[in-house]
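Colleague: File follows, final02.cif with mmCIF, C-alpha atoms:
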```
data_work
#
loop_
_atom_site.label_atom_id
_atom_site.label_comp_id
_atom_site.auth_asym_id
_atom_site.auth_seq_id
_atom_site.Cartn_x
_atom_site.Cartn_y
_atom_site.Cartn_z
CA MET A 26 27.64 -16.42 8.52
CA LYS A 27 29.71 -15.98 11.67
CA PHE A 28 29.09 -12.99 13.90
CA GLY A 29 31.06 -11.66 16.84
CA PRO A 30 34.50 -10.36 17.81
CA ILE A 31 37.13 -11.00 15.12
CA ALA A 32 40.87 -10.46 15.49
CA ILE A 33 41.94 -7.60 13.26
CA GLU A 34 44.46 -9.85 11.49
CA GLU A 35 41.55 -12.03 10.30
CA ALA A 36 39.07 -9.24 9.55
CA GLU A 37 39.63 -8.71 5.83
CA GLY A 38 36.26 -9.14 4.10
CA ALA A 39 34.31 -8.87 7.35
CA VAL A 40 31.25 -6.60 7.60
CA LEU A 41 31.40 -4.21 10.54
CA ALA A 42 28.58 -4.52 13.05
CA HIS A 43 29.29 -1.10 14.54
CA ALA A 44 30.84 2.13 13.37
CA THR A 45 34.57 2.05 14.14
CA THR A 46 37.05 4.92 14.35
CA ALA A 47 40.75 4.72 13.48
CA GLY A 48 42.33 8.09 14.19
CA GLU A 49 40.58 10.59 11.91
CA LYS A 50 39.09 7.86 9.72
CA ARG A 51 35.66 6.48 10.54
CA PHE A 52 34.30 3.24 9.16
CA ARG A 53 30.53 3.06 9.05
CA LYS A 54 28.38 0.19 10.22
CA ALA A 55 27.94 -2.49 7.50
CA HIS A 56 31.21 -1.44 5.81
CA ARG A 57 33.10 -4.41 4.34
CA LEU A 58 36.74 -4.21 5.39
CA SER A 59 39.42 -4.32 2.71
CA ALA A 60 43.07 -5.22 3.26
CA GLU A 61 43.91 -1.51 3.35
CA ASP A 62 41.17 -0.88 5.93
CA VAL A 63 42.63 -3.61 8.14
CA SER A 64 46.07 -1.98 7.92
CA VAL A 65 44.62 1.41 8.93
CA LEU A 66 42.85 -0.13 11.91
CA LYS A 67 45.98 -2.00 13.02
CA ARG A 68 48.06 1.15 12.86
CA ALA A 69 45.45 2.88 15.01
CA GLY A 70 45.84 0.19 17.66
CA VAL A 71 42.57 -1.65 17.00
CA SER A 72 43.08 -5.31 17.89
CA GLN A 73 39.62 -6.68 17.11
CA VAL A 74 36.28 -5.66 15.65
CA VAL A 75 32.73 -6.93 16.06
CA ALA A 76 31.72 -8.03 12.61
CA ALA A 77 30.01 -10.57 10.41
CA MET A 78 32.01 -12.94 8.26
CA LEU A 79 30.02 -14.29 5.33
CA ALA A 80 30.19 -17.94 4.32
CA SER A 81 30.62 -18.96 0.69
CA ASP A 82 26.90 -19.76 0.34
CA ASP A 83 25.68 -16.53 1.95
CA LEU A 84 24.03 -13.63 0.18
CA GLY A 85 24.68 -10.12 1.44
CA GLU A 86 21.69 -8.30 2.89
CA ASP A 87 21.17 -6.00 -0.10
CA ALA A 88 21.58 -8.76 -2.67
CA ALA A 89 19.18 -11.03 -0.81
CA ALA A 90 16.52 -8.34 -0.37
CA GLN A 91 16.80 -7.29 -4.02
CA ARG A 92 16.54 -10.86 -5.27
CA ILE A 93 13.42 -11.53 -3.21
CA ALA A 94 11.74 -8.29 -4.29
CA GLU A 95 12.46 -8.93 -7.95
CA GLY A 96 11.22 -12.51 -7.64
CA MET A 97 7.80 -11.49 -6.39
CA ARG A 98 4.86 -11.17 -8.77
CA PHE A 99 2.87 -7.97 -8.39
CA SER A 100 1.21 -5.22 -10.40
CA GLY A 101 0.89 -1.47 -10.07
CA ILE A 102 4.02 -1.37 -7.89
CA GLU A 103 7.64 -0.35 -8.43
CA VAL A 104 10.73 -1.71 -6.68
CA ARG A 105 13.24 0.76 -5.25
CA PRO A 106 16.97 -0.10 -5.02
CA ALA A 107 18.17 -2.05 -1.99
CA ALA A 108 19.88 -0.22 0.88
CA THR A 109 20.83 -1.39 4.39
CA GLY A 110 19.25 -4.77 3.69
CA ARG A 111 15.91 -3.26 2.73
CA VAL A 112 13.93 -2.95 -0.49
CA ASN A 113 10.88 -0.72 -0.43
CA LEU A 114 8.01 -1.10 -2.88
CA HIS A 115 5.86 1.88 -3.88
CA ALA A 116 2.52 2.42 -5.61
CA ARG A 117 2.72 3.51 -9.26
CA ALA A 118 -0.73 5.10 -9.02
CA SER A 119 -3.40 5.89 -6.46
CA GLY A 120 -5.73 2.99 -5.82
CA ILE A 121 -6.57 0.08 -3.53
CA PHE A 122 -3.92 -2.29 -2.17
CA THR A 123 -4.59 -6.03 -2.22
CA VAL A 124 -2.33 -8.69 -0.71
CA SER A 125 -2.12 -12.46 -0.34
CA ALA A 126 -1.84 -12.84 3.42
CA ALA A 127 -1.13 -16.56 3.01
CA MET A 128 1.94 -15.89 0.86
CA ILE A 129 3.22 -13.18 3.19
CA ASP A 130 2.77 -15.47 6.21
CA ALA A 131 4.52 -18.33 4.41
CA ILE A 132 7.54 -16.15 3.57
CA ASN A 133 7.77 -14.73 7.07
CA ALA A 134 7.71 -18.27 8.46
CA VAL A 135 10.78 -19.38 6.46
CA ASP A 136 13.33 -17.81 8.81
CA PRO A 137 13.46 -14.77 11.12
CA ALA A 138 16.30 -13.41 8.97
CA ILE A 139 13.82 -12.68 6.15
CA THR A 140 10.84 -10.40 6.69
CA ILE A 141 8.16 -8.82 4.54
CA ALA A 142 5.78 -6.17 5.86
CA THR A 143 2.83 -4.73 3.93
CA LEU A 144 -0.17 -2.50 4.26
CA ALA A 145 -3.47 -4.10 5.18
CA GLN A 146 -5.79 -5.70 2.65
CA HIS A 147 -7.84 -3.11 0.73
CA ALA A 148 -5.92 -0.13 2.14
CA PRO A 149 -6.33 3.01 0.01
CA VAL A 150 -2.97 4.31 -1.23
CA GLU A 151 -1.64 7.38 -2.98
CA LYS A 152 0.74 7.39 -5.93
CA GLY A 153 4.31 6.99 -4.68
CA GLN A 154 3.27 5.66 -1.26
CA MET A 155 5.25 2.76 0.17
CA VAL A 156 3.04 -0.34 0.28
CA ALA A 157 5.50 -3.07 1.26
CA THR A 158 9.08 -3.60 2.39
CA VAL A 159 11.46 -6.55 2.24
CA LYS A 160 14.03 -6.49 5.04
CA ILE A 161 16.91 -8.84 5.73
CA ILE A 162 17.58 -8.63 9.47
CA PRO A 163 21.27 -9.75 9.67
CA PHE A 164 24.08 -8.68 7.34
CA ALA A 165 23.67 -11.83 5.24
CA VAL A 166 21.41 -14.83 4.80
CA ALA A 167 21.97 -18.35 3.50
CA SER A 168 21.17 -18.54 -0.20
CA ALA A 169 19.14 -21.70 0.45
CA LEU A 170 16.68 -19.68 2.52
CA VAL A 171 16.32 -17.16 -0.28
CA ASP A 172 15.70 -20.04 -2.70
CA THR A 173 12.86 -21.24 -0.45
CA VAL A 174 11.30 -17.78 -0.49
CA MET A 175 11.62 -17.61 -4.28
CA LYS A 176 9.61 -20.84 -4.60
CA ILE A 177 6.80 -19.29 -2.54
CA CYS A 178 6.93 -16.14 -4.67
CA ALA A 179 6.47 -18.24 -7.81
CA GLY A 180 3.06 -19.36 -6.54
CA GLY A 181 1.14 -16.33 -7.79
CA GLU A 182 0.63 -12.61 -7.36
CA ILE A 183 1.66 -11.60 -3.86
CA PHE A 184 0.22 -8.08 -3.84
CA ALA A 185 -0.98 -5.30 -6.13
CA VAL A 186 -2.12 -1.72 -6.30
CA ASN A 187 -5.38 -1.62 -8.22
CA ALA A 188 -5.53 1.86 -9.73
CA TYR A 189 -8.74 3.82 -9.41
CA ARG A 190 -10.83 4.06 -12.57
CA PRO A 191 -12.04 7.62 -13.15
CA VAL A 192 -15.82 7.67 -13.41
CA ARG A 193 -18.46 10.20 -14.42
CA VAL A 194 -21.01 10.69 -11.67
CA GLY A 195 -24.46 12.22 -11.65
CA VAL A 196 -25.98 13.30 -8.32
CA ILE A 197 -29.60 13.51 -7.27
CA GLN A 198 -30.62 15.25 -4.07
CA THR A 199 -34.23 15.02 -2.97
CA VAL A 200 -35.83 17.98 -1.24
CA LEU A 201 -38.44 18.31 1.50
CA PRO A 202 -39.85 21.54 3.00
CA GLY A 203 -37.44 23.12 5.44
CA ILE A 204 -34.23 21.85 3.85
CA LYS A 205 -31.84 24.75 3.29
CA PRO A 206 -30.12 25.08 -0.09
CA SER A 207 -26.83 25.63 1.79
CA VAL A 208 -27.06 22.07 3.14
CA LEU A 209 -27.49 20.69 -0.37
CA ASP A 210 -24.63 22.87 -1.62
CA LYS A 211 -22.34 21.51 1.10
CA THR A 212 -23.29 17.91 0.25
CA LEU A 213 -22.35 18.59 -3.35
CA ARG A 214 -18.95 20.09 -2.40
CA VAL A 215 -18.11 17.18 -0.11
CA THR A 216 -19.11 14.67 -2.77
CA GLU A 217 -16.97 16.39 -5.41
CA ALA A 218 -13.97 16.31 -3.05
CA ARG A 219 -14.46 12.60 -2.34
CA LEU A 220 -14.72 11.77 -6.02
CA ALA A 221 -11.57 13.74 -6.80
CA ARG A 222 -9.49 11.39 -4.63
CA SER A 223 -10.09 8.58 -7.11
CA GLY A 224 -10.12 10.71 -10.26
CA GLY A 225 -13.92 10.79 -10.51
CA ARG A 226 -15.83 13.75 -11.90
CA LEU A 227 -19.27 15.08 -10.99
CA THR A 228 -20.98 15.90 -14.28
CA ALA A 229 -24.47 16.96 -13.25
CA GLU A 230 -26.83 17.42 -10.32
CA ARG A 231 -30.62 17.21 -10.10
CA ARG A 232 -32.70 18.42 -7.15
CA THR A 233 -36.14 16.84 -7.04
CA PRO A 234 -39.06 16.52 -4.64
CA HIS A 235 -38.76 13.50 -2.33
CA GLU A 236 -41.18 11.48 -4.48
CA ILE A 237 -40.80 8.31 -6.52
CA ALA A 238 -41.70 9.64 -9.97
CA PRO A 239 -39.38 12.68 -10.16
CA VAL A 240 -36.47 10.75 -8.61
CA ALA A 241 -36.95 7.89 -11.10
CA GLU A 242 -37.07 10.32 -14.02
CA ALA A 243 -33.88 12.08 -12.90
CA ALA A 244 -32.10 8.76 -12.30
CA ALA A 245 -32.99 7.41 -15.74
CA SER A 246 -31.81 10.65 -17.37
CA LEU A 247 -28.47 10.80 -15.52
CA ALA A 248 -27.78 7.09 -16.02
CA ARG A 249 -27.62 7.58 -19.80
CA ASP A 250 -24.53 9.81 -19.63
CA ASN A 251 -22.78 8.68 -16.44
CA ASP A 252 -21.05 5.64 -15.02
CA LEU A 253 -22.66 6.09 -11.63
CA VAL A 254 -25.67 7.88 -10.18
CA VAL A 255 -25.62 8.80 -6.49
CA ILE A 256 -28.90 9.64 -4.76
CA PHE A 257 -29.08 11.55 -1.48
CA GLY A 258 -32.51 11.24 0.10
CA ALA A 259 -33.89 14.12 2.13
CA SER A 260 -35.42 11.55 4.46
CA ALA A 261 -33.75 8.34 5.59
CA MET A 262 -35.14 5.10 4.18
CA SER A 263 -37.70 3.50 6.48
CA ASP A 264 -38.80 0.58 4.31
CA PHE A 265 -37.49 -1.43 1.35
CA ALA A 266 -40.28 0.08 -0.74
CA ASP A 267 -39.51 3.65 0.33
CA VAL A 268 -38.93 6.50 -2.14
CA VAL A 269 -35.30 5.94 -3.18
CA PRO A 270 -35.33 2.13 -3.66
CA ALA A 271 -38.72 2.35 -5.38
CA ALA A 272 -37.44 5.10 -7.70
CA ILE A 273 -34.39 3.00 -8.62
CA GLU A 274 -36.64 0.13 -9.68
CA ARG A 275 -39.00 2.41 -11.60
CA ALA A 276 -35.99 3.86 -13.48
CA GLY A 277 -35.15 0.33 -14.66
CA GLY A 278 -32.63 -0.56 -11.99
CA THR A 279 -32.42 -3.41 -9.53
CA VAL A 280 -32.16 -2.95 -5.78
CA VAL A 281 -29.40 -5.43 -4.87
CA ARG A 282 -29.46 -4.51 -1.22
CA ALA A 283 -31.17 -1.91 0.95
CA GLY A 284 -29.69 -1.46 4.42
CA MET A 285 -26.05 -2.21 5.24
CA PRO A 286 -24.26 -3.80 8.23
CA VAL A 287 -22.28 -0.65 9.01
CA ASP A 288 -22.61 2.22 11.44
CA PRO A 289 -22.98 5.00 10.54
CA GLY A 290 -24.68 4.11 7.27
CA ASN A 291 -27.21 1.43 8.18
CA LEU A 292 -29.79 2.95 5.86
CA LEU A 293 -27.59 3.03 2.76
#
```
Write the structure described by the file as structure tokens, please.

Modeller:
Amino acid sequence: MKFGPIAIEEAEGAVLAHATTAGEKRFRKAHRLSAEDVSVLKRAGVSQVVAAMLASDDLGEDAAAQRIAEGMRFSGIEVRPAATGRVNLHARASGIFTVSAAMIDAINAVDPAITIATLAQHAPVEKGQMVATVKIIPFAVASALVDTVMKICAGGEIFAVNAYRPVRVGVIQTVLPGIKPSVLDKTLRVTEARLARSGGRLTAERRTPHEIAPVAEAAASLARDNDLVVIFGASAMSDFADVVPAAIERAGGTVVRAGMPVDPGNLL
């Protein structure tokens, strides 16, 4: 592709780099000039235009972006039509975005003319949200470069939106003297709202004393009819044998980990 000032007599087929006016007629940026367009510009006194002239082995920006997007392997994502050298990809459902950073880096290293931008690994997304975009920077790109990108795309899944799986959730809240029911009610409302984001549903709640036996009994009961049981302790865990982990084991569960390397939330 050649880019720069082009004499109007040689501009047929060129792609305008800037909007150009000829009398009352205005040609938009990226417009490909026809023979008639050239005649209109000449009559208006335009002697040259700044434009791109594509070579025989070039792909236009839209065609190149569309080809790359359609050559990528992904799931849970839809491709929107190309426009201005860009193809946007959107989530088909709400979920978690995953991406192969190595493949993205490899594609972006092929040539500055070809770029792919995505959300971060494990980003939560909503249905319809844009998760990635393919953008061709100039008006055209050599087809050989696109071929190189296509080979990288053939190497595996480049990204995906992993849709949330709706789950049934039972909640246990332990109670100690002095805890107000309004606090427990608020915890329940907040939990329901959080579950709704991923299509989850709170099916039942149990409020028990902060003791091993009643918590274990409630957990075993709720586990029979739910995919997940969430336990809110009235007192933070102070030992790996404290009430909540001990109750999980008594109910037939296994404590995989107690305490997490996060803040807030160390005592999860």

Colleague: Excluding same-chain residues fewer than 2 positions from Arg117 of chain A, what lies within 8 Å of it counting all atoms listed in the file, as an mmCIF file with C-alpha atoms, in the frame of the given file?

Modeller:
```cif
data_model
loop_
_atom_site.group_PDB
_atom_site.id
_atom_site.type_symbol
_atom_site.label_atom_id
_atom_site.label_comp_id
_atom_site.auth_asym_id
_atom_site.auth_seq_id
_atom_site.Cartn_x
_atom_site.Cartn_y
_atom_site.Cartn_z
ATOM 1 C CA GLY A 101 0.890 -1.470 -10.070
ATOM 2 C CA ILE A 102 4.020 -1.370 -7.890
ATOM 3 C CA GLU A 103 7.640 -0.350 -8.430
ATOM 4 C CA HIS A 115 5.860 1.880 -3.880
ATOM 5 C CA SER A 119 -3.400 5.890 -6.460
ATOM 6 C CA LYS A 152 0.740 7.390 -5.930
ATOM 7 C CA GLY A 153 4.310 6.990 -4.680
ATOM 8 C CA VAL A 186 -2.120 -1.720 -6.300
#
```

Colleague: Identify all residues satisfying the PyMOL selection byres ((chain A and resi 27) around 6) in the given file; provide them as a ChimeraX atom specification.

Modeller: /A:26,28,77-78

Colleague: Would you mind listing, for every residue of segment 177-201 of chain A within 12 Å of segment 216-228 of chain A, the two atoms forming the shortest contact and the distance between them in Å to one decimal, using only C-alpha atoms, sorted by chain and ascending residue number, as a Markdown table?

Modeller:
```
| residue | atom | partner | partner_atom | distance |
| --- | --- | --- | --- | --- |
| A:Asn187 | CA | A:Ser223 | CA | 11.3 |
| A:Ala188 | CA | A:Ser223 | CA | 8.5 |
| A:Tyr189 | CA | A:Ser223 | CA | 5.5 |
| A:Arg190 | CA | A:Gly224 | CA | 7.1 |
| A:Pro191 | CA | A:Gly225 | CA | 4.5 |
| A:Val192 | CA | A:Gly225 | CA | 4.7 |
| A:Arg193 | CA | A:Arg226 | CA | 5.1 |
| A:Val194 | CA | A:Leu227 | CA | 4.8 |
| A:Gly195 | CA | A:Thr228 | CA | 5.7 |
| A:Val196 | CA | A:Leu227 | CA | 7.4 |
| A:Ile197 | CA | A:Leu227 | CA | 11.1 |
| A:Gln198 | CA | A:Thr216 | CA | 11.6 |
```

Colleague: Pull out every residue that the PyMOL selection byres ((chain A and resi 113) around 8) matches in the shown coordinates and put them as a PyMOL selection string.

Modeller: chain A and resi 104-107+111-112+114-115+155-159

Colleague: Evaluate the PyMOL selection byres ((chain A and resi 79) around 10) and record the selected residues as JSON, numbers by chain, following the chain and residue labels used in the document.

Modeller: {"A": [26, 27, 28, 38, 39, 40, 76, 77, 78, 80, 81, 82, 83, 84, 85, 164, 165, 166, 167]}

Colleague: Mind dumping the selected residues with C-alpha atoms as a compact mmCIF listing (two decimals), in the frame of the given file?

Modeller:
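Written out: again-v9.txt:
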```
# COMPACT_ATOMS: atom_id res chain seq x y z
CA MET A 26 27.64 -16.42 8.52
CA LYS A 27 29.71 -15.98 11.67
CA PHE A 28 29.09 -12.99 13.90
CA GLY A 38 36.26 -9.14 4.10
CA ALA A 39 34.31 -8.87 7.35
CA VAL A 40 31.25 -6.60 7.60
CA ALA A 76 31.72 -8.03 12.61
CA ALA A 77 30.01 -10.57 10.41
CA MET A 78 32.01 -12.94 8.26
CA ALA A 80 30.19 -17.94 4.32
CA SER A 81 30.62 -18.96 0.69
CA ASP A 82 26.90 -19.76 0.34
CA ASP A 83 25.68 -16.53 1.95
CA LEU A 84 24.03 -13.63 0.18
CA GLY A 85 24.68 -10.12 1.44
CA PHE A 164 24.08 -8.68 7.34
CA ALA A 165 23.67 -11.83 5.24
CA VAL A 166 21.41 -14.83 4.80
CA ALA A 167 21.97 -18.35 3.50
```

Colleague: Taking all atoms listed in the file into account, which of A:Phe184, A:Pro149, A:Thr143, A:Ser72 comes nearest Phe99 of chain A?

Modeller: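 Checking each candidate against Phe99 of chain A, we get A:Phe184 as the closest.
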
Colleague: In Å, how far is it from atom CA of Phe52 of chain A to atom CA of Ala32 of chain A?

Modeller: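 Distance between the two atoms: 16.5 Å.
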
Colleague: When distances are computed from only C-alpha atoms, which of A:Ala88, A:Ala185, A:Ala36, A:Met175 shows the smallest separation from Ser64 of chain A?

Modeller: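 Of all the options, A:Ala36 lies closest to Ser64 of chain A.
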